[in-house]
>>> print(open('model16.cif').read())   # mmCIF, C-alpha atoms and all ligand atoms
data_final
loop_
_atom_site.group_PDB
_atom_site.id
_atom_site.type_symbol
_atom_site.label_atom_id
_atom_site.label_comp_id
_atom_site.auth_asym_id
_atom_site.auth_seq_id
_atom_site.Cartn_x
_atom_site.Cartn_y
_atom_site.Cartn_z
ATOM 1 C CA MET A 1 36.090 -58.346 -58.683
ATOM 2 C CA ALA A 2 32.775 -58.437 -56.884
ATOM 3 C CA HIS A 3 29.450 -57.478 -58.437
ATOM 4 C CA ILE A 4 28.458 -54.031 -57.092
ATOM 5 C CA ILE A 5 24.927 -53.996 -55.673
ATOM 6 C CA ASP A 6 23.578 -50.621 -56.804
ATOM 7 C CA GLY A 7 21.497 -49.193 -53.956
ATOM 8 C CA LYS A 8 21.069 -45.936 -55.811
ATOM 9 C CA SER A 9 19.195 -47.475 -58.722
ATOM 10 C CA ILE A 10 17.295 -50.069 -56.643
ATOM 11 C CA SER A 11 16.115 -47.347 -54.244
ATOM 12 C CA ALA A 12 15.071 -45.148 -57.192
ATOM 13 C CA GLN A 13 12.854 -47.997 -58.474
ATOM 14 C CA LEU A 14 11.270 -48.416 -55.037
ATOM 15 C CA ARG A 15 10.663 -44.664 -54.694
ATOM 16 C CA GLN A 16 9.099 -44.614 -58.157
ATOM 17 C CA SER A 17 6.771 -47.440 -57.235
ATOM 18 C CA VAL A 18 5.788 -45.756 -53.938
ATOM 19 C CA THR A 19 5.169 -42.495 -55.834
ATOM 20 C CA GLU A 20 2.782 -44.302 -58.205
ATOM 21 C CA GLN A 21 0.872 -45.862 -55.300
ATOM 22 C CA VAL A 22 0.625 -42.500 -53.529
ATOM 23 C CA ALA A 23 -0.993 -41.086 -56.691
ATOM 24 C CA VAL A 24 -3.475 -43.997 -56.735
ATOM 25 C CA LEU A 25 -4.309 -43.423 -53.056
ATOM 26 C CA ARG A 26 -4.972 -39.773 -53.763
ATOM 27 C CA SER A 27 -7.135 -40.336 -56.846
ATOM 28 C CA GLN A 28 -9.123 -43.288 -55.456
ATOM 29 C CA HIS A 29 -9.431 -42.338 -51.780
ATOM 30 C CA GLU A 30 -8.546 -38.630 -51.613
ATOM 31 C CA ILE A 31 -5.821 -39.413 -49.085
ATOM 32 C CA THR A 32 -2.324 -37.919 -49.149
ATOM 33 C CA PRO A 33 0.029 -39.666 -46.716
ATOM 34 C CA GLY A 34 1.757 -37.306 -44.269
ATOM 35 C CA LEU A 35 5.089 -37.790 -42.490
ATOM 36 C CA ALA A 36 6.118 -35.733 -39.446
ATOM 37 C CA VAL A 37 9.859 -35.563 -38.819
ATOM 38 C CA VAL A 38 11.138 -34.278 -35.484
ATOM 39 C CA LEU A 39 14.707 -33.006 -35.267
ATOM 40 C CA VAL A 40 16.123 -32.015 -31.884
ATOM 41 C CA GLY A 41 19.349 -29.992 -31.765
ATOM 42 C CA GLU A 42 21.971 -29.473 -34.428
ATOM 43 C CA ASN A 43 23.753 -32.798 -34.957
ATOM 44 C CA PRO A 44 25.232 -32.233 -38.473
ATOM 45 C CA ALA A 45 24.631 -35.802 -39.695
ATOM 46 C CA SER A 46 21.027 -35.732 -38.419
ATOM 47 C CA GLN A 47 20.424 -32.431 -40.210
ATOM 48 C CA VAL A 48 21.559 -33.952 -43.520
ATOM 49 C CA TYR A 49 19.423 -37.095 -43.018
ATOM 50 C CA VAL A 50 16.333 -35.092 -42.068
ATOM 51 C CA LYS A 51 16.727 -32.732 -45.021
ATOM 52 C CA ASN A 52 16.943 -35.710 -47.398
ATOM 53 C CA LYS A 53 13.919 -37.394 -45.798
ATOM 54 C CA ILE A 54 11.847 -34.244 -46.257
ATOM 55 C CA ILE A 55 12.888 -33.726 -49.890
ATOM 56 C CA GLN A 56 12.204 -37.359 -50.824
ATOM 57 C CA THR A 57 8.832 -37.353 -49.051
ATOM 58 C CA ALA A 58 7.739 -34.345 -51.095
ATOM 59 C CA ASN A 59 9.118 -35.917 -54.300
ATOM 60 C CA ALA A 60 6.941 -38.979 -53.686
ATOM 61 C CA GLY A 61 3.845 -36.747 -53.516
ATOM 62 C CA MET A 62 3.407 -37.023 -49.752
ATOM 63 C CA ASN A 63 3.058 -34.247 -47.196
ATOM 64 C CA SER A 64 5.932 -33.670 -44.824
ATOM 65 C CA TYR A 65 5.884 -31.719 -41.594
ATOM 66 C CA CYS A 66 9.232 -30.843 -40.059
ATOM 67 C CA HIS A 67 9.480 -29.926 -36.370
ATOM 68 C CA ARG A 68 12.829 -28.489 -35.297
ATOM 69 C CA LEU A 69 13.392 -28.199 -31.567
ATOM 70 C CA SER A 70 16.325 -26.670 -29.715
ATOM 71 C CA ALA A 71 18.971 -28.928 -28.155
ATOM 72 C CA GLU A 72 17.805 -27.705 -24.736
ATOM 73 C CA VAL A 73 14.162 -28.756 -25.169
ATOM 74 C CA SER A 74 12.724 -30.605 -22.178
ATOM 75 C CA GLU A 75 11.596 -34.214 -22.352
ATOM 76 C CA GLU A 76 8.092 -33.099 -21.434
ATOM 77 C CA GLU A 77 7.910 -30.673 -24.337
ATOM 78 C CA LEU A 78 9.019 -33.364 -26.797
ATOM 79 C CA LEU A 79 6.522 -35.867 -25.356
ATOM 80 C CA ASN A 80 3.771 -33.241 -25.735
ATOM 81 C CA LEU A 81 4.687 -32.763 -29.391
ATOM 82 C CA VAL A 82 4.544 -36.530 -29.985
ATOM 83 C CA GLU A 83 1.096 -36.699 -28.371
ATOM 84 C CA HIS A 84 -0.064 -33.838 -30.555
ATOM 85 C CA LEU A 85 1.213 -35.661 -33.688
ATOM 86 C CA ASN A 86 -0.427 -38.927 -32.534
ATOM 87 C CA ALA A 87 -3.774 -37.119 -32.451
ATOM 88 C CA ASP A 88 -3.365 -35.319 -35.803
ATOM 89 C CA PRO A 89 -5.167 -37.289 -38.558
ATOM 90 C CA SER A 90 -3.129 -35.628 -41.330
ATOM 91 C CA VAL A 91 0.005 -37.218 -39.842
ATOM 92 C CA ASN A 92 0.288 -40.912 -40.777
ATOM 93 C CA GLY A 93 3.931 -41.385 -39.849
ATOM 94 C CA ILE A 94 6.069 -39.970 -37.037
ATOM 95 C CA LEU A 95 9.854 -40.092 -37.067
ATOM 96 C CA VAL A 96 11.926 -38.687 -34.205
ATOM 97 C CA GLN A 97 15.483 -38.460 -35.484
ATOM 98 C CA LEU A 98 18.029 -40.136 -33.208
ATOM 99 C CA PRO A 99 20.286 -39.565 -31.323
ATOM 100 C CA LEU A 100 18.486 -37.278 -28.861
ATOM 101 C CA PRO A 101 20.251 -34.992 -26.340
ATOM 102 C CA ASP A 102 21.202 -36.432 -22.945
ATOM 103 C CA GLN A 103 18.326 -34.865 -20.981
ATOM 104 C CA ILE A 104 15.841 -36.891 -23.037
ATOM 105 C CA ASP A 105 15.131 -40.598 -22.568
ATOM 106 C CA SER A 106 14.871 -41.923 -26.147
ATOM 107 C CA ASP A 107 13.066 -45.101 -25.073
ATOM 108 C CA LYS A 108 10.381 -43.043 -23.365
ATOM 109 C CA VAL A 109 9.879 -40.897 -26.484
ATOM 110 C CA ILE A 110 9.725 -43.917 -28.805
ATOM 111 C CA SER A 111 7.208 -45.655 -26.546
ATOM 112 C CA MET A 112 4.990 -42.555 -26.680
ATOM 113 C CA ILE A 113 4.666 -42.767 -30.502
ATOM 114 C CA ASP A 114 1.433 -44.429 -31.657
ATOM 115 C CA PRO A 115 2.663 -47.863 -32.901
ATOM 116 C CA ASN A 116 0.472 -47.436 -36.022
ATOM 117 C CA LYS A 117 2.387 -44.235 -36.868
ATOM 118 C CA ASP A 118 5.812 -45.598 -35.901
ATOM 119 C CA VAL A 119 7.357 -45.573 -39.401
ATOM 120 C CA ASP A 120 10.807 -46.264 -37.917
ATOM 121 C CA GLY A 121 9.475 -49.535 -36.480
ATOM 122 C CA PHE A 122 11.266 -48.829 -33.179
ATOM 123 C CA HIS A 123 8.283 -49.117 -30.789
ATOM 124 C CA VAL A 124 8.376 -52.281 -28.645
ATOM 125 C CA MET A 125 4.997 -53.229 -30.109
ATOM 126 C CA ASN A 126 6.448 -53.288 -33.635
ATOM 127 C CA ALA A 127 9.717 -54.898 -32.475
ATOM 128 C CA GLY A 128 7.666 -57.613 -30.743
ATOM 129 C CA ARG A 129 5.413 -58.154 -33.751
ATOM 130 C CA LEU A 130 8.472 -58.585 -35.975
ATOM 131 C CA THR A 131 10.014 -61.073 -33.548
ATOM 132 C CA VAL A 132 6.931 -63.301 -33.405
ATOM 133 C CA GLY A 133 6.287 -63.003 -37.149
ATOM 134 C CA LEU A 134 3.195 -60.761 -37.133
ATOM 135 C CA ASP A 135 2.646 -57.869 -39.573
ATOM 136 C CA GLY A 136 3.696 -54.449 -38.331
ATOM 137 C CA LEU A 137 5.911 -51.534 -39.251
ATOM 138 C CA VAL A 138 9.471 -52.805 -39.752
ATOM 139 C CA PRO A 139 12.673 -50.718 -39.344
ATOM 140 C CA CYS A 140 13.759 -49.150 -42.629
ATOM 141 C CA THR A 141 17.477 -49.959 -42.827
ATOM 142 C CA PRO A 142 17.024 -53.715 -42.212
ATOM 143 C CA VAL A 143 14.260 -53.892 -44.835
ATOM 144 C CA GLY A 144 16.573 -52.060 -47.243
ATOM 145 C CA CYS A 145 19.283 -54.665 -46.610
ATOM 146 C CA ILE A 146 16.872 -57.517 -47.383
ATOM 147 C CA ILE A 147 15.761 -55.874 -50.643
ATOM 148 C CA LEU A 148 19.406 -55.432 -51.703
ATOM 149 C CA LEU A 149 20.231 -59.052 -50.809
ATOM 150 C CA LYS A 150 17.244 -60.405 -52.718
ATOM 151 C CA SER A 151 18.054 -58.244 -55.744
ATOM 152 C CA TYR A 152 21.256 -60.228 -56.107
ATOM 153 C CA LEU A 153 20.641 -63.624 -54.468
ATOM 154 C CA ASN A 154 16.909 -63.979 -55.123
ATOM 155 C CA ASP A 155 16.372 -66.717 -52.535
ATOM 156 C CA LEU A 156 18.204 -66.511 -49.198
ATOM 157 C CA THR A 157 17.004 -69.902 -47.925
ATOM 158 C CA GLY A 158 19.659 -71.859 -46.057
ATOM 159 C CA CYS A 159 22.314 -69.140 -46.257
ATOM 160 C CA ASN A 160 24.643 -68.657 -43.333
ATOM 161 C CA ALA A 161 24.148 -64.974 -42.414
ATOM 162 C CA VAL A 162 26.461 -63.169 -40.006
ATOM 163 C CA ILE A 163 25.507 -59.696 -38.762
ATOM 164 C CA VAL A 164 28.226 -57.710 -37.021
ATOM 165 C CA GLY A 165 26.388 -55.323 -34.673
ATOM 166 C CA ARG A 166 23.549 -55.872 -32.205
ATOM 167 C CA SER A 167 21.692 -52.541 -32.232
ATOM 168 C CA ASN A 168 17.915 -52.244 -31.896
ATOM 169 C CA ILE A 169 17.869 -50.164 -35.101
ATOM 170 C CA VAL A 170 19.729 -52.575 -37.392
ATOM 171 C CA GLY A 171 21.282 -55.764 -35.957
ATOM 172 C CA LYS A 172 18.363 -57.235 -34.003
ATOM 173 C CA PRO A 173 15.527 -56.470 -36.469
ATOM 174 C CA LEU A 174 17.706 -57.606 -39.384
ATOM 175 C CA ALA A 175 18.265 -60.939 -37.621
ATOM 176 C CA ALA A 176 14.482 -61.403 -37.409
ATOM 177 C CA LEU A 177 14.052 -60.564 -41.109
ATOM 178 C CA LEU A 178 16.844 -62.940 -42.175
ATOM 179 C CA LEU A 179 15.253 -65.713 -40.103
ATOM 180 C CA ARG A 180 11.997 -65.003 -41.934
ATOM 181 C CA GLU A 181 13.979 -65.569 -45.164
ATOM 182 C CA HIS A 182 15.115 -68.943 -43.755
ATOM 183 C CA CYS A 183 18.750 -68.001 -43.143
ATOM 184 C CA THR A 184 20.854 -69.413 -40.316
ATOM 185 C CA VAL A 185 21.626 -66.240 -38.391
ATOM 186 C CA THR A 186 24.525 -65.235 -36.162
ATOM 187 C CA ILE A 187 24.637 -61.830 -34.459
ATOM 188 C CA ALA A 188 28.275 -61.024 -33.718
ATOM 189 C CA HIS A 189 29.496 -57.972 -31.810
ATOM 190 C CA SER A 190 32.517 -56.361 -30.151
ATOM 191 C CA ARG A 191 32.807 -59.144 -27.546
ATOM 192 C CA THR A 192 32.531 -62.001 -30.049
ATOM 193 C CA ARG A 193 35.511 -64.347 -29.850
ATOM 194 C CA ASN A 194 37.429 -64.929 -33.091
ATOM 195 C CA LEU A 195 35.291 -62.363 -34.919
ATOM 196 C CA ALA A 196 37.247 -62.633 -38.190
ATOM 197 C CA GLN A 197 36.819 -66.399 -38.171
ATOM 198 C CA VAL A 198 33.069 -66.114 -37.491
ATOM 199 C CA CYS A 199 32.719 -63.649 -40.396
ATOM 200 C CA ARG A 200 34.623 -65.978 -42.733
ATOM 201 C CA GLN A 201 31.842 -68.566 -42.345
ATOM 202 C CA ALA A 202 29.253 -66.152 -43.744
ATOM 203 C CA ASP A 203 27.525 -66.583 -47.103
ATOM 204 C CA ILE A 204 25.909 -63.221 -46.249
ATOM 205 C CA LEU A 205 28.008 -60.813 -44.183
ATOM 206 C CA ILE A 206 26.413 -57.630 -42.854
ATOM 207 C CA ALA A 207 28.490 -54.971 -41.116
ATOM 208 C CA ALA A 208 26.551 -52.566 -38.879
ATOM 209 C CA VAL A 209 28.936 -51.486 -36.143
ATOM 210 C CA GLY A 210 29.850 -47.880 -36.929
ATOM 211 C CA ARG A 211 33.600 -48.534 -37.078
ATOM 212 C CA PRO A 212 35.274 -47.301 -40.261
ATOM 213 C CA GLU A 213 36.655 -50.098 -42.476
ATOM 214 C CA MET A 214 36.752 -52.620 -39.640
ATOM 215 C CA VAL A 215 35.866 -55.655 -41.780
ATOM 216 C CA LYS A 216 38.975 -56.612 -43.734
ATOM 217 C CA GLY A 217 39.320 -58.629 -46.924
ATOM 218 C CA ASP A 218 40.501 -61.740 -45.077
ATOM 219 C CA TRP A 219 37.297 -61.705 -42.969
ATOM 220 C CA VAL A 220 35.264 -62.315 -46.129
ATOM 221 C CA LYS A 221 34.416 -65.762 -47.481
ATOM 222 C CA PRO A 222 35.266 -65.939 -51.210
ATOM 223 C CA GLY A 223 32.137 -65.464 -53.332
ATOM 224 C CA SER A 224 29.964 -64.272 -50.443
ATOM 225 C CA THR A 225 27.603 -61.282 -50.424
ATOM 226 C CA VAL A 226 28.672 -58.321 -48.288
ATOM 227 C CA ILE A 227 26.256 -55.604 -47.123
ATOM 228 C CA ASP A 228 27.865 -52.527 -45.579
ATOM 229 C CA VAL A 229 25.491 -50.536 -43.354
ATOM 230 C CA GLY A 230 28.177 -48.176 -42.013
ATOM 231 C CA ILE A 231 28.355 -44.492 -42.905
ATOM 232 C CA ASN A 232 31.493 -43.014 -41.347
ATOM 233 C CA ARG A 233 33.056 -39.660 -42.144
ATOM 234 C CA ILE A 234 36.837 -39.892 -41.913
ATOM 235 C CA GLU A 235 39.764 -37.625 -42.619
ATOM 236 C CA GLY A 236 41.012 -38.359 -46.146
ATOM 237 C CA ASP A 237 44.051 -37.170 -48.112
ATOM 238 C CA GLY A 238 44.805 -33.449 -47.985
ATOM 239 C CA GLY A 239 42.572 -32.795 -44.947
ATOM 240 C CA LYS A 240 39.359 -33.476 -46.892
ATOM 241 C CA THR A 241 36.761 -35.715 -45.285
ATOM 242 C CA ARG A 242 35.272 -38.717 -47.069
ATOM 243 C CA LEU A 243 32.586 -41.294 -46.379
ATOM 244 C CA VAL A 244 33.550 -44.899 -45.759
ATOM 245 C CA GLY A 245 31.600 -47.901 -44.570
ATOM 246 C CA ASP A 246 32.307 -50.479 -41.865
ATOM 247 C CA VAL A 247 33.932 -52.667 -44.537
ATOM 248 C CA ASP A 248 37.327 -52.120 -46.141
ATOM 249 C CA TYR A 249 35.837 -51.880 -49.627
ATOM 250 C CA GLN A 250 39.106 -52.155 -51.580
ATOM 251 C CA GLU A 251 40.055 -55.394 -49.869
ATOM 252 C CA ALA A 252 36.591 -56.941 -49.530
ATOM 253 C CA SER A 253 35.592 -56.308 -53.155
ATOM 254 C CA GLU A 254 38.551 -58.478 -54.255
ATOM 255 C CA VAL A 255 37.133 -61.466 -52.357
ATOM 256 C CA ALA A 256 33.329 -61.119 -52.203
ATOM 257 C CA GLY A 257 30.929 -62.250 -54.913
ATOM 258 C CA ALA A 258 28.860 -59.088 -54.450
ATOM 259 C CA ILE A 259 29.153 -55.995 -52.265
ATOM 260 C CA THR A 260 27.332 -52.730 -51.541
ATOM 261 C CA PRO A 261 29.332 -49.494 -51.930
ATOM 262 C CA VAL A 262 29.374 -46.539 -49.500
ATOM 263 C CA PRO A 263 27.884 -44.163 -50.457
ATOM 264 C CA GLY A 264 25.257 -45.547 -52.842
ATOM 265 C CA GLY A 265 24.454 -48.839 -51.115
ATOM 266 C CA VAL A 266 22.269 -49.192 -48.038
ATOM 267 C CA GLY A 267 21.944 -45.424 -47.355
ATOM 268 C CA PRO A 268 19.471 -44.545 -50.134
ATOM 269 C CA MET A 269 17.455 -47.700 -49.381
ATOM 270 C CA THR A 270 16.696 -46.475 -45.851
ATOM 271 C CA ILE A 271 14.847 -43.398 -47.120
ATOM 272 C CA ALA A 272 12.994 -45.353 -49.823
ATOM 273 C CA CYS A 273 11.805 -47.825 -47.154
ATOM 274 C CA LEU A 274 10.713 -44.931 -44.938
ATOM 275 C CA LEU A 275 8.481 -43.699 -47.775
ATOM 276 C CA GLN A 276 7.115 -47.213 -48.182
ATOM 277 C CA ASN A 277 6.368 -47.416 -44.448
ATOM 278 C CA THR A 278 4.591 -44.048 -44.545
ATOM 279 C CA LEU A 279 2.409 -45.256 -47.419
ATOM 280 C CA ARG A 280 1.705 -48.504 -45.528
ATOM 281 C CA ALA A 281 0.832 -46.599 -42.355
ATOM 282 C CA ALA A 282 -1.578 -44.326 -44.250
ATOM 283 C CA CYS A 283 -3.323 -47.368 -45.783
ATOM 284 C CA LEU A 284 -3.555 -49.269 -42.487
ATOM 285 C CA GLN A 285 -4.952 -46.230 -40.645
ATOM 286 C CA ASN A 286 -7.650 -45.799 -43.297
ATOM 287 C CA GLY A 287 -8.625 -49.451 -43.628
ATOM 288 C CA ILE A 288 -7.269 -49.620 -47.183
ATOM 289 C CA GLN A 289 -5.495 -52.716 -48.453
ATOM 290 C CA VAL A 290 -1.741 -52.110 -48.474
ATOM 291 C CA PRO A 291 -0.502 -52.054 -52.092
ATOM 292 C CA HIS A 292 2.294 -54.333 -53.215
ATOM 293 C CA VAL A 293 5.154 -52.011 -54.144
HETATM 294 N N1 LIG B 1 19.372 -42.061 -36.721
HETATM 295 C C1 LIG B 1 20.145 -42.864 -37.511
HETATM 296 N N2 LIG B 1 19.364 -43.706 -38.224
HETATM 297 C C2 LIG B 1 18.085 -43.428 -37.882
HETATM 298 C C3 LIG B 1 16.831 -43.953 -38.299
HETATM 299 O O1 LIG B 1 16.731 -44.864 -39.127
HETATM 300 N N3 LIG B 1 15.737 -43.385 -37.721
HETATM 301 C C4 LIG B 1 15.830 -42.393 -36.797
HETATM 302 N N4 LIG B 1 14.700 -41.920 -36.278
HETATM 303 N N5 LIG B 1 16.974 -41.888 -36.397
HETATM 304 C C5 LIG B 1 18.094 -42.402 -36.938
#
>>> encode(input="model16.cif", output="structure tokens", more="lines below")
Ligand code: GUN
Amino acid sequence: MAHIIDGKSISAQLRQSVTEQVAVLRSQHEITPGLAVVLVGENPASQVYVKNKIIQTANAGMNSYCHRLSAEVSEEELLNLVEHLNADPSVNGILVQLPLPDQIDSDKVISMIDPNKDVDGFHVMNAGRLTVGLDGLVPCTPVGCIILLKSYLNDLTGCNAVIVGRSNIVGKPLAALLLREHCTVTIAHSRTRNLAQVCRQADILIAAVGRPEMVKGDWVKPGSTVIDVGINRIEGDGGKTRLVGDVDYQEASEVAGAITPVPGGVGPMTIACLLQNTLRAACLQNGIQVPHV
């Protein structure tokens, strides 16, 4: 049976370390980092994520400002709010929860966020900086995946890494981070030929497609490390719903050397990395050296 990579405890350590640095920032510089979270509409999953982000921000000793807008809000109104948050010095980080309703162009909203406050790391400026290897704000879920991988493998140099999924939020930035760790990186996706065979070559296999239990046990190379980014709610026994990842955990955990569970794997890392990014953003905006957390 595979080693279980415990995202719950690793994220708790990271949150603890961020909390300590926030206290130092407050006592030495009289600065309390502030995160503004914007939620548009009533997507149930988004509501849960935003609630957790706000609770964890407060637990880390940071200020959080939640802006809830109706599903019918105009693009202009949302852009005005972002401009207002850009100009507010008490706000160090801005997160607009995705997905947004159809009348709003997400790319336009993201490009309006001040890149120095873009704690999601979605702005083209931050995406570009990551791609060319410059410092910037890096998307939270991919950073969480790297921390989990390094907690188990230590050094990723030379590993064959296969990412299934080519999104701007996970797949593409994760590829850049794995390259930075000296992996050989393949981004596979729904049109990849012989997907199972491609996955079987992976020393590190990352599933980020949003399809419940798509990656089967015989897609996994024996002894490899499997990171499951998926969070899918499916109908379980007796009409109850349950959360599953993009990996068939039962099957894959028989073959892999190590694997992340769902829940309790990548999910909690995303929020911990968001707190870290907010702390980083507050330091960068105030000309303070970013602490090593
Ligand atoms: N929706 C799903 N994941 C994310 C995320 O990491 N950031 C934002 N803003 N929205 C999301």
>>> resolve_selection(input="model16.cif", expression="the PyMOL selection byres (((chain A and resi 37) around 12) and not hetatm)", output="ChimeraX atom specification")
/A:34-36,38-40,46-47,49-55,57,63-69,81-82,85,91-98,117-120,274,278
>>> resolve_selection(input="model16.cif", expression="the PyMOL selection byres (((chain A and resi 141) around 10) and not hetatm)", output="list in words")
Asp120, Val138, Pro139, Cys140, Pro142, Val143, Gly144, Cys145, Ile146, Ile147, Ile169, Val170, Gly171, Pro173, Leu174, Val229, Val266, Gly267, Pro268, Met269, Thr270, Ile271, Ala272, Cys273 and Leu274 of chain A
>>> atom_distance(input="model16.cif", atom1="CA of Tyr152 (chain A)", atom2="CA of Thr225 (chain A)")
8.6 Å
>>> axis_aligned_box(input="model16.cif", around="region 242-256 of chain A", padding_each_side="4 Å", output="AutoDock Vina command-line options")
--center_x 35.8 --center_y -50.1 --center_z -48.1 --size_x 16.5 --size_y 30.7 --size_z 20.4
>>> atom_distance(input="model16.cif", atom1="CA of Thr260 (chain A)", atom2="CA of His3 (chain A)")
8.6 Å
>>> atom_distance(input="model16.cif", atom1="CA of Arg200 (chain A)", atom2="CA of Val185 (chain A)")
13.7 Å
>>> closest_residue(input="model16.cif", among="A:Asn286, A:Asn116, A:Ser17, A:Ser106", to="ligand LIG 1 (chain B)", atoms="all atoms listed in the file")
A:Ser106
>>> closest_residue(input="model16.cif", among="A:Ile288, A:Leu279, A:Ala252, A:Val48", to="Ala23 (chain A)", atoms="all atoms listed in the file")
A:Leu279
>>> build_atoms(input="model16.cif", residues="region 18-25 of chain A", atoms="all heavy atoms", output="mmCIF file, in the frame of the given file")
data_model
loop_
_atom_site.group_PDB
_atom_site.id
_atom_site.type_symbol
_atom_site.label_atom_id
_atom_site.label_comp_id
_atom_site.auth_asym_id
_atom_site.auth_seq_id
_atom_site.Cartn_x
_atom_site.Cartn_y
_atom_site.Cartn_z
ATOM 1 N N VAL A 18 6.539 -46.377 -55.032
ATOM 2 C CA VAL A 18 5.788 -45.756 -53.938
ATOM 3 C C VAL A 18 5.064 -44.511 -54.461
ATOM 4 O O VAL A 18 3.881 -44.286 -54.162
ATOM 5 C CB VAL A 18 6.719 -45.388 -52.750
ATOM 6 C CG1 VAL A 18 5.998 -44.527 -51.721
ATOM 7 C CG2 VAL A 18 7.261 -46.643 -52.081
ATOM 8 N N THR A 19 5.755 -43.724 -55.281
ATOM 9 C CA THR A 19 5.169 -42.495 -55.834
ATOM 10 C C THR A 19 3.898 -42.823 -56.626
ATOM 11 O O THR A 19 2.878 -42.131 -56.510
ATOM 12 C CB THR A 19 6.200 -41.784 -56.746
ATOM 13 O OG1 THR A 19 7.390 -41.568 -55.988
ATOM 14 C CG2 THR A 19 5.672 -40.457 -57.267
ATOM 15 N N GLU A 20 3.960 -43.893 -57.413
ATOM 16 C CA GLU A 20 2.782 -44.302 -58.205
ATOM 17 C C GLU A 20 1.621 -44.690 -57.284
ATOM 18 O O GLU A 20 0.470 -44.325 -57.529
ATOM 19 C CB GLU A 20 3.149 -45.469 -59.135
ATOM 20 C CG GLU A 20 3.970 -45.016 -60.330
ATOM 21 C CD GLU A 20 4.659 -46.173 -61.050
ATOM 22 O OE1 GLU A 20 4.259 -47.342 -60.855
ATOM 23 O OE2 GLU A 20 5.621 -45.897 -61.779
ATOM 24 N N GLN A 21 1.935 -45.426 -56.220
ATOM 25 C CA GLN A 21 0.872 -45.862 -55.300
ATOM 26 C C GLN A 21 0.282 -44.690 -54.512
ATOM 27 O O GLN A 21 -0.907 -44.693 -54.193
ATOM 28 C CB GLN A 21 1.411 -46.921 -54.324
ATOM 29 C CG GLN A 21 1.729 -48.250 -54.976
ATOM 30 C CD GLN A 21 0.527 -48.867 -55.666
ATOM 31 O OE1 GLN A 21 -0.609 -48.691 -55.231
ATOM 32 N NE2 GLN A 21 0.762 -49.557 -56.772
ATOM 33 N N VAL A 22 1.117 -43.701 -54.218
ATOM 34 C CA VAL A 22 0.625 -42.500 -53.529
ATOM 35 C C VAL A 22 -0.384 -41.782 -54.432
ATOM 36 O O VAL A 22 -1.431 -41.324 -53.969
ATOM 37 C CB VAL A 22 1.803 -41.563 -53.135
ATOM 38 C CG1 VAL A 22 1.303 -40.188 -52.712
ATOM 39 C CG2 VAL A 22 2.626 -42.193 -52.018
ATOM 40 N N ALA A 23 -0.081 -41.734 -55.737
ATOM 41 C CA ALA A 23 -0.993 -41.086 -56.691
ATOM 42 C C ALA A 23 -2.321 -41.844 -56.760
ATOM 43 O O ALA A 23 -3.405 -41.229 -56.814
ATOM 44 C CB ALA A 23 -0.339 -41.011 -58.073
ATOM 45 N N VAL A 24 -2.259 -43.173 -56.716
ATOM 46 C CA VAL A 24 -3.475 -43.997 -56.735
ATOM 47 C C VAL A 24 -4.305 -43.725 -55.476
ATOM 48 O O VAL A 24 -5.527 -43.549 -55.532
ATOM 49 C CB VAL A 24 -3.131 -45.507 -56.837
ATOM 50 C CG1 VAL A 24 -4.356 -46.383 -56.609
ATOM 51 C CG2 VAL A 24 -2.496 -45.814 -58.184
ATOM 52 N N LEU A 25 -3.632 -43.667 -54.340
ATOM 53 C CA LEU A 25 -4.309 -43.423 -53.056
ATOM 54 C C LEU A 25 -5.036 -42.072 -53.092
ATOM 55 O O LEU A 25 -6.158 -41.938 -52.595
ATOM 56 C CB LEU A 25 -3.264 -43.439 -51.939
ATOM 57 C CG LEU A 25 -3.745 -43.605 -50.518
ATOM 58 C CD1 LEU A 25 -4.453 -44.932 -50.336
ATOM 59 C CD2 LEU A 25 -2.559 -43.523 -49.544
#
